[in-house]
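Here's the structure, in structure tokens; my notes come after.
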Amino acid sequence: MTSKIRHVTIDCSDAYCLGSFWSRVLDLPLQEEDRPGDEEALIEGAGLLFVTVPDAKTVKNRVHVDLQPQDRTRDEEVERLLGLGATLVDDRRRPDGTGWAVLADPEGNEFCVERSAAERAN
């Protein structure tokens with residue numbers, strides 16, 4: 001039997017707050033028992049576990065998430081995520097419609113937004 005990835009764990013200063021941000025990004029709930037002030041918060045449907053740690057983020061992520069919008073364009077998704085509290089870190093979108101946008105969540109963890117499947121088909 002091989003191993004499987006159960007969770008991707010993200011260290012943060014406020015597990016519930018950051019988990020709530022990602023819950024809105026992914027439109028998936030935190031576990032019912034997660035509450036503000038908890039040391040951990042889990043989005044089971046995405047396998048993302050947020051754990052409160054005392055250390056602040058100091059360097060670029062070595063692992064990051066790539067998001068692909070399912071029901072909107074890449075640019076519409078970028079605007080939605082900025083409205084949720086993300087920040088634009090690096091805009092790699094090209095005039096021909098290819099490329100991606102690098103955003104950061106409220107604690108500075110970078111992630112990318114790629115083109116939707118419909119955009120890739122064009």
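Labels used: A, B, ... for chains in the order of the structure tokens, numbers from 1 for residues in each chain, and numbers from 1 for ligands as shown.
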(request) Write out as a VMD selection string which residues come within 12 Å of segment 105-107 of chain A when counting only C-alpha atoms, dropping same-chain ones fewer than 6 positions away. (result) chain A and resid 10 to 15 17 to 25 50 52 55 to 61 64 to 65 78 81 to 89
(message) Nearest residue to Arg72 of chain A out of A:Asp90, A:Glu44, A:Glu119, A:Asp96, using only C-alpha atoms?
(response)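 Nearest candidate to Arg72 of chain A out of A:Asp90, A:Glu44, A:Glu119, A:Asp96: A:Glu119.
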(request) Can you work out which one of A:Arg93, A:Gln68, A:Tyr16, A:Arg80 has the shortest atom-to-atom distance to Glu32 of chain A, counting only C-alpha atoms? (result)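 Answer, going by the shortest atom-to-atom distance: A:Tyr16.
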Among chain A, which ones does DSSP place in helix (DSSP H, G or I), written as a short mmCIF file (atom, residue, chain, number, x, y, z; two decimals) with N, CA, C and O atoms, in the first residue's frame?
```
data_model
loop_
_atom_site.label_atom_id
_atom_site.label_comp_id
_atom_site.auth_asym_id
_atom_site.auth_seq_id
_atom_site.Cartn_x
_atom_site.Cartn_y
_atom_site.Cartn_z
N ALA A 15 -5.63 30.46 12.21
CA ALA A 15 -6.14 29.35 11.42
C ALA A 15 -7.59 29.56 10.98
O ALA A 15 -7.93 29.32 9.82
N TYR A 16 -8.44 30.00 11.87
CA TYR A 16 -9.85 30.17 11.53
C TYR A 16 -10.04 31.28 10.50
O TYR A 16 -10.78 31.12 9.53
N CYS A 17 -9.35 32.39 10.68
CA CYS A 17 -9.48 33.52 9.77
C CYS A 17 -8.99 33.14 8.37
O CYS A 17 -9.68 33.38 7.37
N LEU A 18 -7.80 32.54 8.27
CA LEU A 18 -7.27 32.18 6.97
C LEU A 18 -8.08 31.04 6.35
O LEU A 18 -8.37 31.04 5.15
N GLY A 19 -8.50 30.09 7.17
CA GLY A 19 -9.36 29.02 6.67
C GLY A 19 -10.67 29.57 6.12
O GLY A 19 -11.18 29.09 5.10
N SER A 20 -11.21 30.58 6.77
CA SER A 20 -12.45 31.20 6.29
C SER A 20 -12.26 31.89 4.95
O SER A 20 -13.14 31.83 4.08
N PHE A 21 -11.11 32.56 4.76
CA PHE A 21 -10.81 33.17 3.46
C PHE A 21 -10.82 32.09 2.37
O PHE A 21 -11.49 32.22 1.35
N TRP A 22 -10.08 31.00 2.60
CA TRP A 22 -9.99 29.94 1.60
C TRP A 22 -11.33 29.23 1.42
O TRP A 22 -11.64 28.75 0.33
N SER A 23 -12.13 29.17 2.46
CA SER A 23 -13.47 28.60 2.35
C SER A 23 -14.30 29.40 1.34
O SER A 23 -15.01 28.83 0.51
N ARG A 24 -14.20 30.72 1.40
CA ARG A 24 -14.91 31.59 0.45
C ARG A 24 -14.31 31.46 -0.95
O ARG A 24 -15.04 31.45 -1.94
N VAL A 25 -12.99 31.37 -1.05
CA VAL A 25 -12.34 31.21 -2.36
C VAL A 25 -12.85 29.95 -3.06
O VAL A 25 -13.20 29.97 -4.24
N LEU A 26 -12.89 28.84 -2.32
CA LEU A 26 -13.22 27.54 -2.90
C LEU A 26 -14.70 27.20 -2.83
O LEU A 26 -15.12 26.18 -3.38
N ARG A 74 -10.66 33.67 -16.08
CA ARG A 74 -9.54 33.92 -15.18
C ARG A 74 -9.62 35.34 -14.62
O ARG A 74 -9.49 35.56 -13.41
N ASP A 75 -9.85 36.32 -15.49
CA ASP A 75 -9.87 37.71 -15.05
C ASP A 75 -11.04 37.99 -14.11
O ASP A 75 -10.89 38.74 -13.13
N GLU A 76 -12.19 37.39 -14.35
CA GLU A 76 -13.32 37.55 -13.44
C GLU A 76 -13.00 36.93 -12.08
O GLU A 76 -13.34 37.49 -11.03
N GLU A 77 -12.31 35.79 -12.09
CA GLU A 77 -11.94 35.14 -10.83
C GLU A 77 -10.92 35.97 -10.07
O GLU A 77 -11.00 36.11 -8.85
N VAL A 78 -9.96 36.55 -10.77
CA VAL A 78 -8.98 37.42 -10.11
C VAL A 78 -9.70 38.57 -9.42
O VAL A 78 -9.43 38.87 -8.25
N GLU A 79 -10.64 39.20 -10.09
CA GLU A 79 -11.38 40.31 -9.49
C GLU A 79 -12.18 39.86 -8.27
O GLU A 79 -12.22 40.55 -7.25
N ARG A 80 -12.81 38.68 -8.35
CA ARG A 80 -13.56 38.15 -7.21
C ARG A 80 -12.64 37.92 -6.02
O ARG A 80 -12.96 38.30 -4.87
N LEU A 81 -11.47 37.33 -6.26
CA LEU A 81 -10.53 37.03 -5.18
C LEU A 81 -9.95 38.30 -4.57
O LEU A 81 -9.76 38.38 -3.35
N LEU A 82 -9.69 39.30 -5.39
CA LEU A 82 -9.24 40.59 -4.85
C LEU A 82 -10.31 41.18 -3.93
O LEU A 82 -9.99 41.72 -2.88
N GLY A 83 -11.56 41.02 -4.30
CA GLY A 83 -12.67 41.48 -3.47
C GLY A 83 -12.79 40.74 -2.15
O GLY A 83 -13.31 41.28 -1.17
N LEU A 84 -12.30 39.49 -2.11
CA LEU A 84 -12.32 38.70 -0.87
C LEU A 84 -11.15 39.03 0.05
O LEU A 84 -11.11 38.56 1.18
N ALA A 117 -10.98 26.27 -18.26
CA ALA A 117 -10.93 25.25 -19.32
C ALA A 117 -11.51 25.83 -20.62
O ALA A 117 -10.97 25.57 -21.70
N ALA A 118 -12.59 26.61 -20.51
CA ALA A 118 -13.20 27.21 -21.69
C ALA A 118 -12.23 28.18 -22.37
O ALA A 118 -12.13 28.20 -23.60
N GLU A 119 -11.50 28.96 -21.60
CA GLU A 119 -10.51 29.88 -22.18
C GLU A 119 -9.36 29.12 -22.84
O GLU A 119 -8.85 29.55 -23.87
N ARG A 120 -8.95 28.03 -22.25
CA ARG A 120 -7.88 27.22 -22.84
C ARG A 120 -8.30 26.58 -24.15
O ARG A 120 -7.48 26.34 -25.02
N ALA A 121 -9.59 26.29 -24.29
CA ALA A 121 -10.10 25.64 -25.50
C ALA A 121 -10.13 26.60 -26.69
O ALA A 121 -10.13 26.16 -27.84
#
```
